[in-house]
Amino acid sequence: MLFLRSLLSAFILLVVAVISAFAQDADYSGSDYTISGNPLTVHSIQFTGNKTFDNGTLGLLLQTQTPGFFYQFFPPYRWFANAPVLHPITIAQDSLALWNFYRQNGFFFAKVSPKINIDTAHVSADITFAIAESTACIVDTVIFSDLEKLSSADRQTITGIVAPLRGIRYSRATLSDSLSSVWSHLRNSGYPYARLSGSPRTVLNSDIRSVNIFIPDVIGEKYYFGNVDVQYDSSSGDVCFAENAVLRELEFKVGDIFSEEKRTRSEENLKRLGIFEVVRIELRVKQADSAHVAPVLVHLKLRKPFDVSPYFPTFDNKDGSFNFGASFTAAYHNVGCAGQELSLSSSFEIPVAEPPLTLSNNIFNIEAKFLQPRLQLGDILDYKNTSGQLSAGFTHATYPATHLTQNIWNASTLLSIRTATYTYFTPKIAFIVAQTYNLSQAELDSLLPTNPQLLQKLPNLLLSASLTRDNTNNLFVPSEGSSGTLTLKVNVLPTPYFFKVDATQKWFIPWGTQSVFGFRIHGGDIARFGGNRTTDNIIFDEQFYDGGAYSMRGWNLYALGIGIDSNIVFGRTGYSTFEANVEWRYRWFILPDSWINRVLLNRLSHDFFIDIGNIWSERQKWAWVLQMPQQLGVDAGFGLRYDTPVGPLRVDFGYIVYNPYTQSIQPIRFLHPTVQIGIGNAF
């Protein structure tokens with residue numbers, strides 16, 4: 001009866017809304033209001049009488065919208081966006097959506113009346129939705145129809161899940177969340193086919209202030225995991241993967257109660273190996289025995305064992321210039337028949353500088369890696385959550401501006417241990433040799449006449465441990481969540497000895513559908529000890545640096561540093577750092593799918609940013625520490641962005657706001673920004 005009354009009320013409301021919309025003092029043509037042939041635009045939307053829900057919540061339910069920022073101030077936008085004109089049918093649909101929203105939140109007797117005021121002079125309309133909320137109904141009882149076959153423990157669990165619904169205002173969304181928890185519990189307790197057999201029925205009590213909810217459910221039979229049959233796709237050919245290795249990835253054993261969560265986690269474990277193109281685990285209930293023990297099929301399809309991935313062109317921002325080049329990666333998957341991977345990668349980059357495209361101005365890198373996705377050492381390392389990696393590499397870089405060249409050899413081994421859902425602990429051992437030579441004997445004789453040929457040769461044995469937590473929703477363009485990393489590192493060779501701590505935390509907060517606020521804090525410190533720590537510098541790659549497209553965008557790379565002399569290769573690098581960044585990223589358009597929208601318009605965005613930070617030499621006196629806050633540089637600016645598959649291509653324009661060297665506010669010269677170009681977000 002309540003359903004029929006609701007349906008009849010909705011129909012009457014729709015008819016009344018359409019009639020009231022036509023009854024305004026204007027001509028009507030097609031589906032829009034028009035005055036002298038010009039369609040009415042929506043000037044404003046207001047709500048009255050709403051006490052429970054704010055205007056922002058109700059506004060998200062409407063199809064009718066007011067003109068956006070770009071439509072009002074950028075007329076070219078109108079070439080590819082529908083004008084926000086007034087549609088009477090849409091007004092009626094919005095009224096119905098508001099009424100239905102109130103009904104789904106316990107206001108079964110709410111009424112919504114749209115009113116339209118037309119401004120003929122400006123060919124626009126102001127819309128007011130008058131809402132009469134009436135009384136909200138609370139939940140009295142929640143009754144399931146088919147729980148008799150469950151154990152008393154399962155029935156108590158389900159009763160506990162729905163108990164918070166009683167005594168509060170009815171909400172369809174809250175009821176749906178509770179039912180999802182009920183089905184999740186049942187499907188993880190042996191009932192894979194537990195489900196609703198129809199829509200929940202809401203019945204008003206005689207006091208018309210409370211409701212009873214009847215849940216038509218189907219529980220089905222209880223099943224258990226049976227014997228496991230591992231099958232490979234016919235395209236996999238000769239399979240090089242042991243069946244017992246597959247069984248070790250499963251989260252269940254023969255005889256366990258069926259659990260959807262265990263089945264899903266088992267699929268994820270196999271996918272994490274990185275060698276399977278398809279992973280599917282099925283419970284064969286039709287082949288179950290009389291005790292409902294069903295066999296399990298594990299269907300797998302292997303990736304191609306060998307692949308080569310060339311990338312051209314590649315872009316980055318290193319050493320104070322924008323670089324482009326080419327790279328490739330060759331990988332052999334499942335080389336040891338247990339998920340191992342052997343890969344070789346190389347890249348060659350040419351900085352775009354003056355003179356441009358000088359081939360002697362380059363960076364060449366080559367690296368080999370061996371990955372073991374599963375490791376176990378007694379009870380110390382968890383087989384499913386531990387992976388290992390061996391790597392070795394060589395980097396050759398030239399710096400024509402200083403007539404220097406640098407060679408770096410490195411070899412390392414690390415473990416990656418998943419300690420929680422989003423958290424990893426990574427211990428690492430790395431041996432690095434960095435050598436810096438001269439290219440011009442005459443130039444170098446004037447700089448370092450005592451050792452003109454070999455400027456620096458620093459072998460380092462680095463022991464480090466990192467703790468990383470990342471629950472962001474996207475690796476390249478995060479719009480929600482947070483991530484953080486804490487790294488401790490020590491060099492155990494006297495070249496010199498040093499200890500380093502480095503910590504970064506990021507937060508991403510969405511605002512609406514097109515805006516994201518990003519926040520980042522980064523700090524670190526390096527302490528040299530043993531030997532002559534005041535003259536023996538650690539390798540340049542381990543020192544902190546600032547400026548550039550990924551930190552302080554008002555300064556060029558290596559341009560900041562207090563109490564630091566520029567080193568001969570890079571510029572200013574230091575032993576202490578602090579940075580704080582805030583950024584507002586706004587996507588310009590979310591338009592219907594078409595070629596131009598998909599390739600161009602929906603990929604455009606901009607950002608506004610503020611950066612605070614600096615680097616320092618080692619803190620030798622407490623007075624220096626007290627001076628650090630006033631030595632923080634401040635910049636602000638904006639950027640234009642175009643999304644690519646590996647993150648946005650950015651052009652940022654940074655302006656110095658506070659200069660730490662003069663400790664004064666810097667006058668902003670809008671025509672002379674520091675231009676930064678980069679691939680990927682600044683943080």
# chains A, B, ... in the order shown; residues from 1 in each chain; ligands from 1
>>> closest_atom_pairs(of="segment 256-305 of chain A", to="segment 366-381 of chain A", cutoff="12 Å", atoms="only C-alpha atoms", output="JSON lines")
{"residue": "A:Asn269", "atom": "CA", "partner": "A:Arg374", "partner_atom": "CA", "distance": 10.2}
{"residue": "A:Leu270", "atom": "CA", "partner": "A:Pro373", "partner_atom": "CA", "distance": 10.4}
{"residue": "A:Lys271", "atom": "CA", "partner": "A:Pro373", "partner_atom": "CA", "distance": 10.9}
{"residue": "A:Arg272", "atom": "CA", "partner": "A:Pro373", "partner_atom": "CA", "distance": 8.0}
{"residue": "A:Leu273", "atom": "CA", "partner": "A:Pro373", "partner_atom": "CA", "distance": 5.9}
{"residue": "A:Gly274", "atom": "CA", "partner": "A:Pro373", "partner_atom": "CA", "distance": 8.4}
{"residue": "A:Ile275", "atom": "CA", "partner": "A:Pro373", "partner_atom": "CA", "distance": 10.2}
>>> write_last_selection(atoms="N, CA, C and O atoms", output="PDB file, in the first residue's frame")
ATOM      1  N   ASN A 269      47.267 -12.929  -4.580  1.00  0.00           N
ATOM      2  CA  ASN A 269      48.619 -13.464  -4.354  1.00  0.00           C
ATOM      3  C   ASN A 269      49.241 -13.947  -5.649  1.00  0.00           C
ATOM      4  O   ASN A 269      50.424 -13.683  -5.934  1.00  0.00           O
ATOM      5  N   LEU A 270      48.469 -14.652  -6.463  1.00  0.00           N
ATOM      6  CA  LEU A 270      48.997 -15.162  -7.725  1.00  0.00           C
ATOM      7  C   LEU A 270      49.260 -14.025  -8.710  1.00  0.00           C
ATOM      8  O   LEU A 270      50.253 -14.047  -9.445  1.00  0.00           O
ATOM      9  N   LYS A 271      48.410 -13.008  -8.708  1.00  0.00           N
ATOM     10  CA  LYS A 271      48.625 -11.868  -9.605  1.00  0.00           C
ATOM     11  C   LYS A 271      49.874 -11.090  -9.213  1.00  0.00           C
ATOM     12  O   LYS A 271      50.573 -10.542 -10.073  1.00  0.00           O
ATOM     13  N   ARG A 272      50.163 -11.027  -7.898  1.00  0.00           N
ATOM     14  CA  ARG A 272      51.337 -10.274  -7.448  1.00  0.00           C
ATOM     15  C   ARG A 272      52.641 -10.892  -7.940  1.00  0.00           C
ATOM     16  O   ARG A 272      53.676 -10.220  -7.961  1.00  0.00           O
ATOM     17  N   LEU A 273      52.615 -12.143  -8.346  1.00  0.00           N
ATOM     18  CA  LEU A 273      53.828 -12.749  -8.890  1.00  0.00           C
ATOM     19  C   LEU A 273      54.252 -12.071 -10.191  1.00  0.00           C
ATOM     20  O   LEU A 273      55.428 -12.109 -10.557  1.00  0.00           O
ATOM     21  N   GLY A 274      53.298 -11.483 -10.902  1.00  0.00           N
ATOM     22  CA  GLY A 274      53.618 -10.731 -12.104  1.00  0.00           C
ATOM     23  C   GLY A 274      53.850 -11.561 -13.345  1.00  0.00           C
ATOM     24  O   GLY A 274      54.265 -11.018 -14.370  1.00  0.00           O
ATOM     25  N   ILE A 275      53.585 -12.861 -13.298  1.00  0.00           N
ATOM     26  CA  ILE A 275      53.863 -13.713 -14.460  1.00  0.00           C
ATOM     27  C   ILE A 275      52.597 -14.267 -15.096  1.00  0.00           C
ATOM     28  O   ILE A 275      52.665 -14.919 -16.133  1.00  0.00           O
TER      29      ILE A 275
END
>>> residues_around(residues="Asn244 of chain A", least_positions_apart="4", cutoff="12 Å", atoms="only C-alpha atoms", output="NGL selection string")
:A and (228-230 or 248-250 or 337-338)
>>> residues_around(residues="Ser464 of chain A", least_positions_apart="4", cutoff="6 Å", atoms="only C-alpha atoms", output="tab-separated table (two decimals) with C-alpha atoms, in the first residue's frame")
chain	number	residue	atom	x	y	z
A	427	PRO	CA	66.04	-3.13	4.25
A	428	LYS	CA	68.76	-2.60	1.63
A	488	LEU	CA	67.44	5.63	7.75
A	489	LYS	CA	70.82	5.18	6.03
>>> residues_around(residues="Phe364 of chain A", least_positions_apart="3", cutoff="8 Å", atoms="only C-alpha atoms", output="list in words")
Ser346, Ser347, Phe348, Glu349, Thr395, His396 and Ala397 of chain A
>>> closest_residue(among="A:Gly548, A:Pro295, A:Gly59, A:Pro629", to="Asp94 of chain A", atoms="only C-alpha atoms")
A:Gly59
>>> select_by_dssp(residues="segment 20-253 of chain A", states="strand (DSSP E or B)", output="PyMOL selection string")
chain A and resi 27-29+32-35+38-39+41-48+85+111-119+124-132+138-144+169+195-196+201-204+210-215+217-218+224-232
>>> residues_around(residues="Pro648 of chain A", least_positions_apart="2", cutoff="9 Å", atoms="only C-alpha atoms", output="MDAnalysis selection string")
chainID A and resid 476:477 603 641:646 650 678:681
>>> write_last_selection(atoms="C-alpha atoms", output="CSV table (one decimal), in the first residue's frame")
chain,number,residue,atom,x,y,z
A,476,PHE,CA,50.6,8.7,-11.0
A,477,VAL,CA,47.7,11.1,-10.4
A,603,ARG,CA,43.1,16.1,-20.0
A,641,ARG,CA,49.0,20.5,-17.0
A,642,TYR,CA,48.2,17.9,-19.6
A,643,ASP,CA,47.6,14.3,-18.4
A,644,THR,CA,49.6,11.5,-19.9
A,645,PRO,CA,49.6,7.8,-19.0
A,646,VAL,CA,52.6,8.3,-16.7
A,650,ARG,CA,53.6,20.3,-16.5
A,678,GLY,CA,58.4,18.3,-15.7
A,679,ILE,CA,56.7,15.0,-16.1
A,680,GLY,CA,54.6,13.8,-13.2
A,681,ASN,CA,53.2,15.7,-10.3
>>> residues_around(residues="Ile408 of chain A", least_positions_apart="5", cutoff="12 Å", atoms="only C-alpha atoms", output="short mmCIF file (atom, residue, chain, number, x, y, z; two decimals) with C-alpha atoms, in the first residue's frame")
data_model
loop_
_atom_site.label_atom_id
_atom_site.label_comp_id
_atom_site.auth_asym_id
_atom_site.auth_seq_id
_atom_site.Cartn_x
_atom_site.Cartn_y
_atom_site.Cartn_z
CA ILE A 363 73.41 10.98 -19.35
CA PHE A 364 73.70 7.25 -20.09
CA ASN A 365 72.36 4.63 -17.70
CA ILE A 366 72.16 0.84 -17.76
CA GLU A 367 70.85 -1.42 -15.01
CA ALA A 392 73.68 -3.69 -10.62
CA GLY A 393 74.05 -0.60 -12.73
CA PHE A 394 76.30 1.98 -14.34
CA THR A 395 75.68 5.69 -14.99
CA HIS A 396 77.82 7.99 -17.13
CA ALA A 397 77.09 11.72 -17.09
CA THR A 398 78.88 14.73 -18.53
CA PHE A 431 77.80 -0.67 -2.75
CA ILE A 432 78.39 2.50 -4.77
CA VAL A 433 81.53 3.89 -6.34
CA ALA A 434 81.33 7.47 -7.66
CA GLN A 435 84.21 8.88 -9.71
CA THR A 436 84.47 12.41 -11.08
CA TYR A 437 87.05 13.27 -13.78
CA GLN A 456 86.68 12.33 -6.47
CA LYS A 457 86.59 8.58 -5.95
CA LEU A 458 84.24 7.56 -3.18
CA PRO A 459 83.44 3.90 -2.51
CA ASN A 460 80.43 3.64 -0.19
CA ILE A 539 78.91 11.60 -2.50
CA PHE A 540 76.84 14.24 -4.27
CA ASP A 541 73.91 11.88 -4.94
#
>>> closest_residue(among="A:Tyr224, A:Ala132, A:Leu671, A:Tyr102", to="Ala173 of chain A", atoms="only C-alpha atoms")
A:Tyr102
>>> residues_around(residues="Lys222 of chain A", least_positions_apart="5", cutoff="10 Å", atoms="only C-alpha atoms", output="ChimeraX atom specification")
/A:149-150,186-187,189-194,257-258,291-293
>>> atom_distance(atom1="atom CA of Phe214 of chain A", atom2="atom CA of Thr202 of chain A")
6.5 Å
>>> closest_residue(among="A:His606, A:Lys253, A:Arg155, A:Arg169", to="His185 of chain A", atoms="only C-alpha atoms")
A:Arg155
>>> atom_distance(atom1="atom CA of Ala288 of chain A", atom2="atom CA of Asp217 of chain A")
23.2 Å
>>> closest_residue(among="A:Arg469, A:Arg195, A:Arg263, A:Lys301", to="Ser235 of chain A", atoms="only C-alpha atoms")
A:Lys301
>>> atom_distance(atom1="atom CA of His87 of chain A", atom2="atom CA of Asn50 of chain A")
23.5 Å
>>> select_by_dssp(residues="segment 19-235 of chain A", states="helix (DSSP H, G or I)", output="MDAnalysis selection string")
chainID A and resid 19:22 55:59 69:73 75:79 88:104 152:165 172:187 234:235
>>> closest_residue(among="A:Asp126, A:Glu618, A:Glu133, A:Asp256", to="Arg103 of chain A", atoms="only C-alpha atoms")
A:Glu133
